[in-house]
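> File final.cif follows (mmCIF, C-alpha atoms and all ligand atoms):
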```cif
data_coords
#
loop_
_atom_site.label_atom_id
_atom_site.label_comp_id
_atom_site.auth_asym_id
_atom_site.auth_seq_id
_atom_site.Cartn_x
_atom_site.Cartn_y
_atom_site.Cartn_z
CA MET Q 1 137.24 78.86 104.01
CA SER Q 2 135.48 77.25 101.03
CA GLU Q 3 133.41 79.64 98.95
CA SER Q 4 129.97 78.88 97.54
CA SER Q 5 129.23 79.66 93.93
CA HIS Q 6 127.42 82.93 93.39
CA MET Q 7 126.65 85.34 90.57
CA PRO Q 8 129.68 87.58 89.77
CA VAL Q 9 128.21 90.96 90.69
CA SER Q 10 130.08 93.06 88.15
CA GLN Q 11 128.47 91.09 85.31
CA GLN Q 12 124.95 91.91 86.47
CA LYS Q 13 122.68 94.87 85.71
CA ASP Q 14 123.70 98.39 86.77
CA LEU Q 15 121.86 97.85 90.04
CA HIS Q 16 122.12 94.38 91.53
CA LEU Q 17 120.61 93.16 94.80
CA ILE Q 18 121.75 90.20 96.85
CA THR Q 19 118.84 89.28 99.04
CA GLN Q 20 116.58 86.77 100.72
CA ASN Q 21 112.82 87.17 101.26
CA THR Q 22 113.15 88.36 104.89
CA PRO Q 23 111.81 91.66 106.30
CA ASN Q 24 115.10 93.47 105.66
CA GLY Q 25 115.39 91.98 102.17
CA LYS Q 26 111.79 92.91 101.37
CA LYS Q 27 112.38 96.61 102.08
CA VAL Q 28 114.79 96.89 99.16
CA GLN Q 29 112.93 94.38 96.96
CA ILE Q 30 109.84 96.61 97.31
CA ALA Q 31 111.90 99.73 96.62
CA LEU Q 32 113.37 98.28 93.42
CA GLU Q 33 109.91 97.13 92.27
CA GLU Q 34 108.57 100.64 92.92
CA MET Q 35 111.47 102.10 90.91
CA LYS Q 36 110.71 99.67 88.09
CA ALA Q 37 107.02 100.62 88.08
CA MET Q 38 107.70 104.37 88.27
CA TYR Q 39 110.85 104.78 86.16
CA GLY Q 40 111.21 101.50 84.26
CA LEU Q 41 114.35 100.63 86.26
CA ASP Q 42 115.98 97.43 85.08
CA TYR Q 43 117.88 95.61 87.83
CA SER Q 44 119.10 92.13 88.64
CA TYR Q 45 119.06 90.18 91.86
CA GLU Q 46 120.40 87.00 93.40
CA VAL Q 47 118.58 85.15 96.16
CA ILE Q 48 120.95 83.51 98.64
CA ASP Q 49 120.17 81.21 101.56
CA ILE Q 50 121.52 82.76 104.75
CA THR Q 51 120.93 79.54 106.69
CA THR Q 52 123.95 78.10 104.83
CA GLY Q 53 126.22 80.85 106.20
CA ILE Q 54 127.05 82.12 102.68
CA GLN Q 55 126.74 85.70 103.98
CA LYS Q 56 129.87 85.13 106.10
CA GLU Q 57 132.04 84.11 103.14
CA ASP Q 58 134.84 86.38 101.96
CA TRP Q 59 133.19 87.38 98.66
CA PHE Q 60 130.09 88.57 100.54
CA LEU Q 61 132.03 90.29 103.34
CA CYS Q 62 134.02 92.14 100.70
CA LEU Q 63 130.72 93.69 99.56
CA ASN Q 64 129.07 93.91 102.98
CA PRO Q 65 131.41 93.89 106.00
CA ASN Q 66 128.40 93.30 108.27
CA GLY Q 67 127.76 89.86 106.72
CA ARG Q 68 123.99 90.25 106.44
CA ILE Q 69 121.50 90.63 103.62
CA PRO Q 70 120.46 92.69 101.77
CA THR Q 71 123.44 94.01 99.80
CA LEU Q 72 122.97 96.42 96.90
CA VAL Q 73 125.64 96.79 94.23
CA ASP Q 74 125.88 99.71 91.81
CA ASN Q 75 127.86 98.69 88.73
CA LYS Q 76 127.49 102.11 87.14
CA VAL Q 77 128.32 104.77 89.66
CA ASP Q 78 127.58 108.33 88.71
CA ASN Q 79 131.25 109.47 88.95
CA GLY Q 80 132.17 107.30 85.97
CA SER Q 81 134.35 104.80 87.87
CA SER Q 82 134.26 101.26 86.52
CA GLU Q 83 134.54 99.79 90.06
CA PRO Q 84 131.27 98.35 91.39
CA PHE Q 85 130.11 100.22 94.50
CA ALA Q 86 128.51 98.10 97.22
CA ILE Q 87 126.05 99.38 99.82
CA MET Q 88 125.31 97.57 103.10
CA GLU Q 89 122.34 98.32 105.44
CA SER Q 90 118.83 98.38 104.01
CA GLY Q 91 118.18 101.96 105.19
CA ALA Q 92 121.29 103.23 103.39
CA GLN Q 93 120.20 101.27 100.30
CA LEU Q 94 116.80 102.99 100.28
CA LEU Q 95 118.48 106.38 100.55
CA TYR Q 96 120.92 105.45 97.77
CA LEU Q 97 118.02 104.53 95.47
CA ALA Q 98 116.22 107.73 96.45
CA LYS Q 99 119.20 109.82 95.31
CA LYS Q 100 120.17 107.81 92.27
CA VAL Q 101 116.83 106.78 90.80
CA ASP Q 102 113.95 108.70 92.34
CA LYS Q 103 114.98 112.04 90.83
CA ASP Q 104 111.39 113.34 90.96
CA ASP Q 105 111.01 112.46 94.66
CA ALA Q 106 107.97 110.35 93.83
CA PHE Q 107 108.66 108.48 97.09
CA GLY Q 108 110.56 111.24 98.86
CA PHE Q 109 110.06 114.92 99.64
CA LYS Q 110 111.44 118.16 98.25
CA ASP Q 111 110.40 120.13 101.31
CA ASP Q 112 113.16 120.01 103.97
CA LEU Q 113 110.82 119.43 106.90
CA GLU Q 114 108.88 116.64 105.19
CA ARG Q 115 112.20 115.14 104.13
CA SER Q 116 113.36 115.29 107.73
CA GLU Q 117 110.16 113.58 108.86
CA CYS Q 118 110.77 110.79 106.35
CA LEU Q 119 114.36 110.38 107.60
CA GLN Q 120 113.15 110.34 111.21
CA TRP Q 121 110.93 107.35 110.48
CA ILE Q 122 113.66 105.56 108.53
CA PHE Q 123 116.03 106.03 111.48
CA TRP Q 124 113.27 104.91 113.87
CA GLN Q 125 112.80 101.80 111.76
CA MET Q 126 116.52 101.02 111.48
CA GLY Q 127 117.38 101.75 115.11
CA GLY Q 128 114.16 100.63 116.80
CA GLN Q 129 111.57 98.57 115.00
CA GLY Q 130 113.97 96.33 113.01
CA PRO Q 131 116.44 95.40 115.77
CA MET Q 132 113.89 95.17 118.60
CA GLN Q 133 111.37 93.14 116.61
CA GLY Q 134 114.30 91.00 115.45
CA GLN Q 135 115.05 90.22 119.10
CA SER Q 136 111.39 89.51 119.86
CA ASN Q 137 111.34 87.17 116.89
CA HIS Q 138 114.46 85.51 118.12
CA PHE Q 139 113.37 84.85 121.68
CA HIS Q 140 109.77 84.07 120.75
CA VAL Q 141 110.50 81.70 117.84
CA TYR Q 142 114.13 80.68 117.43
CA ALA Q 143 115.95 80.61 120.78
CA PRO Q 144 116.71 77.05 121.92
CA GLU Q 145 115.58 77.88 125.47
CA LYS Q 146 112.47 79.85 126.38
CA ILE Q 147 113.71 82.73 128.54
CA PRO Q 148 110.64 84.48 130.04
CA TYR Q 149 112.52 87.71 130.87
CA ALA Q 150 113.83 88.11 127.31
CA ILE Q 151 110.54 87.10 125.71
CA LYS Q 152 108.63 89.66 127.78
CA ARG Q 153 111.18 92.43 127.40
CA TYR Q 154 111.19 92.28 123.60
CA HIS Q 155 107.49 91.52 123.29
CA ASP Q 156 106.72 94.65 125.31
CA GLU Q 157 109.12 96.74 123.24
CA LEU Q 158 107.59 95.41 120.02
CA PHE Q 159 104.12 96.30 121.31
CA ARG Q 160 105.36 99.77 122.22
CA LEU Q 161 106.93 100.33 118.80
CA MET Q 162 103.82 99.17 116.93
CA ASP Q 163 101.82 101.50 119.15
CA VAL Q 164 104.13 104.37 118.20
CA MET Q 165 102.91 103.87 114.63
CA GLU Q 166 99.31 103.55 115.81
CA ALA Q 167 99.65 106.92 117.58
CA GLN Q 168 101.16 108.49 114.45
CA PHE Q 169 98.35 107.24 112.17
CA SER Q 170 95.51 107.91 114.60
CA GLY Q 171 96.72 111.38 115.55
CA ARG Q 172 96.44 110.39 119.21
CA PHE Q 173 98.74 113.20 120.31
CA THR Q 174 98.72 115.56 117.34
CA GLY Q 175 94.99 115.51 116.56
CA ARG Q 176 95.88 114.81 112.90
CA GLU Q 177 95.12 111.43 111.36
CA LYS Q 178 97.60 110.19 108.77
CA ASP Q 179 97.54 107.53 106.06
CA TYR Q 180 101.34 107.27 105.83
CA LEU Q 181 104.24 107.73 108.23
CA ALA Q 182 105.69 110.94 106.77
CA GLY Q 183 104.55 114.01 104.89
CA ASN Q 184 102.20 116.92 105.38
CA GLY Q 185 98.47 116.45 105.73
CA ARG Q 186 97.55 112.78 105.62
CA GLY Q 187 101.12 112.00 104.53
CA LYS Q 188 102.51 110.38 101.39
CA TYR Q 189 103.65 106.82 100.67
CA SER Q 190 107.42 107.10 100.99
CA TRP Q 191 110.71 105.34 101.70
CA ALA Q 192 109.73 105.33 105.38
CA ASP Q 193 106.66 103.16 104.71
CA MET Q 194 108.73 100.79 102.54
CA ALA Q 195 111.11 100.36 105.48
CA ALA Q 196 108.51 99.76 108.20
CA TYR Q 197 105.93 97.68 106.32
CA PRO Q 198 107.81 94.34 105.96
CA TRP Q 199 108.38 94.21 109.72
CA ALA Q 200 104.88 95.35 110.67
CA ILE Q 201 103.28 92.52 108.68
CA ILE Q 202 105.03 89.87 110.76
CA ALA Q 203 104.30 91.35 114.20
CA LYS Q 204 102.14 88.34 115.09
CA TYR Q 205 104.88 85.91 114.09
CA SER Q 206 107.25 87.97 116.27
CA GLY Q 207 105.05 87.56 119.35
CA LEU Q 208 102.09 89.97 119.42
CA THR Q 209 98.67 88.42 119.99
CA GLN Q 210 95.63 89.05 117.78
CA GLU Q 211 94.08 90.88 120.71
CA GLU Q 212 97.06 93.23 120.84
CA LEU Q 213 96.96 93.81 117.09
CA ASP Q 214 93.24 94.59 117.33
CA GLN Q 215 94.19 97.54 119.52
CA MET Q 216 95.97 99.02 116.48
CA PRO Q 217 93.26 99.50 113.84
CA HIS Q 218 95.08 102.36 112.11
CA VAL Q 219 98.21 100.24 111.67
CA GLN Q 220 96.05 97.49 110.17
CA LYS Q 221 94.48 99.94 107.69
CA TRP Q 222 97.94 101.26 106.75
CA ILE Q 223 99.11 97.68 106.15
CA GLU Q 224 96.11 97.04 103.84
CA ARG Q 225 96.77 100.31 101.98
CA ILE Q 226 100.38 99.35 101.30
CA LYS Q 227 99.65 95.70 100.57
CA ALA Q 228 97.33 96.83 97.75
CA ARG Q 229 100.27 98.27 95.78
CA PRO Q 230 101.33 95.97 92.91
CA ALA Q 231 105.02 96.80 93.47
CA VAL Q 232 104.72 95.77 97.11
CA GLN Q 233 103.09 92.49 96.12
CA SER Q 234 105.89 91.78 93.60
CA GLY Q 235 108.54 92.84 96.11
CA CYS Q 236 107.26 90.35 98.67
CA SER Q 237 106.53 87.55 96.20
CA ASP Q 238 108.14 84.14 95.84
CA LYS Q 239 110.30 85.35 92.97
CA TYR Q 240 112.65 86.48 95.77
CA GLY Q 241 112.53 83.04 97.35
CA GLY Q 242 109.98 81.16 99.39
CA LYS Q 243 109.40 81.29 103.13
CA SER Q 244 112.44 80.35 105.17
CA ASN Q 245 112.32 77.15 107.16
CA PRO Q 246 112.27 77.97 110.93
CA GLU Q 247 114.25 74.81 111.74
CA LYS Q 248 117.04 75.87 109.37
CA VAL Q 249 117.01 79.37 110.88
CA LYS Q 250 117.30 77.85 114.37
CA ALA Q 251 120.26 75.77 113.17
CA MET Q 252 121.89 78.91 111.72
CA PHE Q 253 121.62 80.72 115.07
CA ALA Q 254 122.94 77.66 116.92
CA ALA Q 255 125.94 77.48 114.56
CA GLN Q 256 126.63 81.22 115.02
CA GLN Q 257 126.39 80.76 118.81
CA ALA Q 258 128.80 77.81 118.76
CA LYS Q 259 131.43 79.94 116.98
CA HIS Q 260 131.64 82.49 119.80
N1 LIG Q 301 120.59 96.43 109.79
C1 LIG Q 301 120.70 95.45 108.74
C2 LIG Q 301 120.15 94.13 109.23
C3 LIG Q 301 120.29 93.04 108.21
C4 LIG Q 301 119.91 91.68 108.78
O1 LIG Q 301 119.85 91.50 110.00
N2 LIG Q 301 119.70 90.72 107.88
C5 LIG Q 301 119.40 89.37 108.31
C6 LIG Q 301 118.20 88.82 107.53
S1 LIG Q 301 116.75 89.79 107.83
C7 LIG Q 301 120.59 88.47 108.00
O2 LIG Q 301 121.20 88.60 106.98
N3 LIG Q 301 120.89 87.54 108.91
C8 LIG Q 301 121.94 86.60 108.70
C9 LIG Q 301 122.92 86.54 109.81
O3 LIG Q 301 122.59 87.00 110.93
O4 LIG Q 301 124.00 86.00 109.60
C10 LIG Q 301 119.93 95.94 107.51
O5 LIG Q 301 118.89 96.58 107.72
O6 LIG Q 301 120.38 95.72 106.37
#
```
Hey, can you dump this file as structure tokens for me?

Amino acid sequence: MSESSHMPVSQQKDLHLITQNTPNGKKVQIALEEMKAMYGLDYSYEVIDITTGIQKEDWFLCLNPNGRIPTLVDNKVDNGSSEPFAIMESGAQLLYLAKKVDKDDAFGFKDDLERSECLQWIFWQMGGQGPMQGQSNHFHVYAPEKIPYAIKRYHDELFRLMDVMEAQFSGRFTGREKDYLAGNGRGKYSWADMAAYPWAIIAKYSGLTQEELDQMPHVQKWIERIKARPAVQSGCSDKYGGKSNPEKVKAMFAAQQAKH
């Protein structure tokens, strides 16, 4: 297989991110920007174009066996080894940054129960919101044939998952309104919000109607609250690449389909 040129990871900053400006990429872009704003973290990044299939090349698979962005590389591991350490899966990357950089738990929790709540929402995001909304996106926007059963199934699941957040923020079942997903009282902006936000902002693109979104006023307010953060704006900005071209994404899925 021919290999595209890419930045040699071991020659980059201590923390190096390989990414593209997609919802999963944005989670870690936001996290690194927050770490920079809070702790002065210096990191490097490379934007790749997944529509070219570069994420299935050997050099990338060596870092991330799952062949998907984002990939985080730590060139200065805490045990003193000179080997770069690569981390796949955006949720694991957030938790790695939490341990390595956020020593004061500015975005995490010292209390075990609050910490558990934060982890619950990260797992919910990684196992539910991300994959299910990804499928809704796929069948709503990218699939070459419109399959009503698949479109409805994933649309309904996306609506349900967004409504899970609406219930959490509105206190529908607990009687306690919250500003953020995890934490006592009204909650605290945390790793869980960084994980869920980049997907929540594209719910309309993924298939929800404006009428459906209007039924979730607390989610909308939470989105506005997070969008106001400078680190979130930088983490979602064009410095991590512009919007992907839907036609090229469709072609990528078609090529992946043809291989199997
Ligand atoms: N669970 C993974 C999902 C990563 C993922 O699906 N990344 C997409 C972009 S958002 C990707 O790289 N797609 C390219 C491909 O499917 O080959 C994570 O959270 O890191």
> Let me have the centre and edge lengths of the axis-aligned box enclosing all listed atoms of stretch 211-219 of chain Q with 8 Å padding on every side, in Å to one decimal, as lines of an AutoDock Vina configuration file.

```
center_x = 95.7
center_y = 96.6
center_z = 116.3
size_x = 21.0
size_y = 27.5
size_z = 25.2
```
> Give the residue list for ligand LIG 301 (chain Q) at 7 Å, counting all atoms listed in the file, as a PyMOL selection string, sorted by chain and then by residue number.
chain Q and resi 22-25+50+53+55-56+67-70+88-91+126
> Residues near Q:Tyr142, anyone? I mean within 9 Å using only C-alpha atoms, not counting same-chain ones fewer than 2 positions away, as a tab-separated table (two decimals) with C-alpha atoms, keeping the file's coordinate frame.

```
chain	number	residue	atom	x	y	z
Q	137	ASN	CA	111.34	87.17	116.89
Q	138	HIS	CA	114.46	85.51	118.12
Q	139	PHE	CA	113.37	84.85	121.68
Q	140	HIS	CA	109.77	84.07	120.75
Q	144	PRO	CA	116.71	77.05	121.92
Q	145	GLU	CA	115.58	77.88	125.47
Q	246	PRO	CA	112.27	77.97	110.93
Q	247	GLU	CA	114.25	74.81	111.74
Q	249	VAL	CA	117.01	79.37	110.88
Q	250	LYS	CA	117.30	77.85	114.37
Q	251	ALA	CA	120.26	75.77	113.17
Q	253	PHE	CA	121.62	80.72	115.07
```
> Applying 12 Å and all atoms listed in the file, which residues near Q:Ile30 remain after dropping the ones on its own chain fewer than 2 positions away? List them as an NGL selection string.
:Q and (17 or 19 or 21-28 or 32-37 or 90 or 93-94 or 97 or 107 or 190-198 or 226-227 or 229-237 or 240)
> Which distance in Å separates atom CA of Q:Leu158 and atom CA of Q:Met216, to one decimal?
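Calculated distance between atom CA of Q:Leu158 and atom CA of Q:Met216 is 12.7 Å.
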> Which of these residues is nearest to Q:Ser82, using only C-alpha atoms: Q:Asp179, Q:Asp163, Q:Asp14, Q:Asp102?
Q:Asp14
> As a PDB file with C-alpha atoms, in the frame of the given file, please: the residues near Q:Lys221 (cut-off 12 Å, only C-alpha atoms, same-chain neighbours under 6 positions excluded).

```
ATOM      1  CA  MET Q 165     102.910 103.870 114.630  1.00  0.00           C
ATOM      2  CA  GLU Q 166      99.310 103.550 115.810  1.00  0.00           C
ATOM      3  CA  PHE Q 169      98.350 107.240 112.170  1.00  0.00           C
ATOM      4  CA  SER Q 170      95.510 107.910 114.600  1.00  0.00           C
ATOM      5  CA  LYS Q 178      97.600 110.190 108.770  1.00  0.00           C
ATOM      6  CA  ASP Q 179      97.540 107.530 106.060  1.00  0.00           C
ATOM      7  CA  TYR Q 180     101.340 107.270 105.830  1.00  0.00           C
ATOM      8  CA  TYR Q 197     105.930  97.680 106.320  1.00  0.00           C
ATOM      9  CA  ALA Q 200     104.880  95.350 110.670  1.00  0.00           C
ATOM     10  CA  ILE Q 201     103.280  92.520 108.680  1.00  0.00           C
ATOM     11  CA  LEU Q 213      96.960  93.810 117.090  1.00  0.00           C
ATOM     12  CA  ASP Q 214      93.240  94.590 117.330  1.00  0.00           C
ATOM     13  CA  LYS Q 227      99.650  95.700 100.570  1.00  0.00           C
ATOM     14  CA  ALA Q 228      97.330  96.830  97.750  1.00  0.00           C
TER      15      ALA Q 228
END
```
> Name the closest residue to Q:Ala143 among the candidates Q:Val9, Q:Ser4, Q:Val47, Q:Met252; distances are taken between atoms, counting all atoms listed in the file.
Q:Met252
> Of the residues Q:Arg160, Q:Lys146, Q:Lys243, Q:Arg115, which is the one nearest to Q:Leu181, using all atoms listed in the file?
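That would be Q:Arg115, the residue with the smallest distance to Q:Leu181.
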> What would stretch 118-143 of chain Q look like with N, CA and C atoms in place, written as a PDB file, in the coordinates of the input?

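Output saved as out-v7.pdb:
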```
ATOM      1  N   CYS Q 118     110.557 112.091 106.987  1.00  0.00           N
ATOM      2  CA  CYS Q 118     110.770 110.790 106.350  1.00  0.00           C
ATOM      3  C   CYS Q 118     112.039 110.124 106.912  1.00  0.00           C
ATOM      4  N   LEU Q 119     113.103 110.924 107.041  1.00  0.00           N
ATOM      5  CA  LEU Q 119     114.360 110.380 107.600  1.00  0.00           C
ATOM      6  C   LEU Q 119     114.166 109.941 109.045  1.00  0.00           C
ATOM      7  N   GLN Q 120     113.384 110.701 109.804  1.00  0.00           N
ATOM      8  CA  GLN Q 120     113.150 110.340 111.210  1.00  0.00           C
ATOM      9  C   GLN Q 120     112.550 108.934 111.303  1.00  0.00           C
ATOM     10  N   TRP Q 121     111.588 108.659 110.416  1.00  0.00           N
ATOM     11  CA  TRP Q 121     110.930 107.350 110.480  1.00  0.00           C
ATOM     12  C   TRP Q 121     111.841 106.239 109.964  1.00  0.00           C
ATOM     13  N   ILE Q 122     112.706 106.582 108.993  1.00  0.00           N
ATOM     14  CA  ILE Q 122     113.660 105.560 108.530  1.00  0.00           C
ATOM     15  C   ILE Q 122     114.646 105.232 109.665  1.00  0.00           C
ATOM     16  N   PHE Q 123     115.112 106.272 110.359  1.00  0.00           N
ATOM     17  CA  PHE Q 123     116.030 106.030 111.480  1.00  0.00           C
ATOM     18  C   PHE Q 123     115.323 105.264 112.607  1.00  0.00           C
ATOM     19  N   TRP Q 124     114.072 105.625 112.846  1.00  0.00           N
ATOM     20  CA  TRP Q 124     113.270 104.910 113.870  1.00  0.00           C
ATOM     21  C   TRP Q 124     113.175 103.434 113.476  1.00  0.00           C
ATOM     22  N   GLN Q 125     112.941 103.184 112.220  1.00  0.00           N
ATOM     23  CA  GLN Q 125     112.800 101.800 111.760  1.00  0.00           C
ATOM     24  C   GLN Q 125     114.126 101.053 111.919  1.00  0.00           C
ATOM     25  N   MET Q 126     115.226 101.702 111.477  1.00  0.00           N
ATOM     26  CA  MET Q 126     116.520 101.020 111.480  1.00  0.00           C
ATOM     27  C   MET Q 126     117.084 100.852 112.889  1.00  0.00           C
ATOM     28  N   GLY Q 127     116.803 101.830 113.763  1.00  0.00           N
ATOM     29  CA  GLY Q 127     117.380 101.750 115.110  1.00  0.00           C
ATOM     30  C   GLY Q 127     116.441 101.120 116.126  1.00  0.00           C
ATOM     31  N   GLY Q 128     115.141 101.117 115.831  1.00  0.00           N
ATOM     32  CA  GLY Q 128     114.160 100.630 116.800  1.00  0.00           C
ATOM     33  C   GLY Q 128     113.401  99.415 116.306  1.00  0.00           C
ATOM     34  N   GLN Q 129     112.470  99.657 115.415  1.00  0.00           N
ATOM     35  CA  GLN Q 129     111.570  98.570 115.000  1.00  0.00           C
ATOM     36  C   GLN Q 129     112.328  97.324 114.511  1.00  0.00           C
ATOM     37  N   GLY Q 130     113.278  97.499 113.579  1.00  0.00           N
ATOM     38  CA  GLY Q 130     113.970  96.330 113.010  1.00  0.00           C
ATOM     39  C   GLY Q 130     114.704  95.527 114.077  1.00  0.00           C
ATOM     40  N   PRO Q 131     115.662  96.166 114.789  1.00  0.00           N
ATOM     41  CA  PRO Q 131     116.440  95.400 115.770  1.00  0.00           C
ATOM     42  C   PRO Q 131     115.605  94.844 116.936  1.00  0.00           C
ATOM     43  N   MET Q 132     114.673  95.639 117.438  1.00  0.00           N
ATOM     44  CA  MET Q 132     113.890  95.170 118.600  1.00  0.00           C
ATOM     45  C   MET Q 132     112.935  94.051 118.202  1.00  0.00           C
ATOM     46  N   GLN Q 133     112.268  94.214 117.059  1.00  0.00           N
ATOM     47  CA  GLN Q 133     111.370  93.140 116.610  1.00  0.00           C
ATOM     48  C   GLN Q 133     112.194  91.900 116.258  1.00  0.00           C
ATOM     49  N   GLY Q 134     113.403  92.124 115.738  1.00  0.00           N
ATOM     50  CA  GLY Q 134     114.300  91.000 115.450  1.00  0.00           C
ATOM     51  C   GLY Q 134     114.583  90.202 116.729  1.00  0.00           C
ATOM     52  N   GLN Q 135     114.785  90.917 117.829  1.00  0.00           N
ATOM     53  CA  GLN Q 135     115.050  90.220 119.100  1.00  0.00           C
ATOM     54  C   GLN Q 135     113.786  89.507 119.594  1.00  0.00           C
ATOM     55  N   SER Q 136     112.646  90.146 119.427  1.00  0.00           N
ATOM     56  CA  SER Q 136     111.390  89.510 119.860  1.00  0.00           C
ATOM     57  C   SER Q 136     111.180  88.216 119.078  1.00  0.00           C
ATOM     58  N   ASN Q 137     111.386  88.336 117.765  1.00  0.00           N
ATOM     59  CA  ASN Q 137     111.340  87.170 116.890  1.00  0.00           C
ATOM     60  C   ASN Q 137     112.250  86.062 117.393  1.00  0.00           C
ATOM     61  N   HIS Q 138     113.458  86.481 117.719  1.00  0.00           N
ATOM     62  CA  HIS Q 138     114.460  85.510 118.120  1.00  0.00           C
ATOM     63  C   HIS Q 138     114.039  84.760 119.387  1.00  0.00           C
ATOM     64  N   PHE Q 139     113.679  85.523 120.409  1.00  0.00           N
ATOM     65  CA  PHE Q 139     113.370  84.850 121.680  1.00  0.00           C
ATOM     66  C   PHE Q 139     112.011  84.166 121.648  1.00  0.00           C
ATOM     67  N   HIS Q 140     111.099  84.674 120.839  1.00  0.00           N
ATOM     68  CA  HIS Q 140     109.770  84.070 120.750  1.00  0.00           C
ATOM     69  C   HIS Q 140     109.803  82.799 119.896  1.00  0.00           C
ATOM     70  N   VAL Q 141     110.568  82.813 118.799  1.00  0.00           N
ATOM     71  CA  VAL Q 141     110.500  81.700 117.840  1.00  0.00           C
ATOM     72  C   VAL Q 141     111.754  80.827 117.806  1.00  0.00           C
ATOM     73  N   TYR Q 142     112.933  81.434 117.800  1.00  0.00           N
ATOM     74  CA  TYR Q 142     114.130  80.680 117.430  1.00  0.00           C
ATOM     75  C   TYR Q 142     115.035  80.244 118.577  1.00  0.00           C
ATOM     76  N   ALA Q 143     114.980  80.932 119.715  1.00  0.00           N
ATOM     77  CA  ALA Q 143     115.950  80.610 120.780  1.00  0.00           C
ATOM     78  C   ALA Q 143     115.753  79.187 121.269  1.00  0.00           C
TER      79      ALA Q 143
END
```
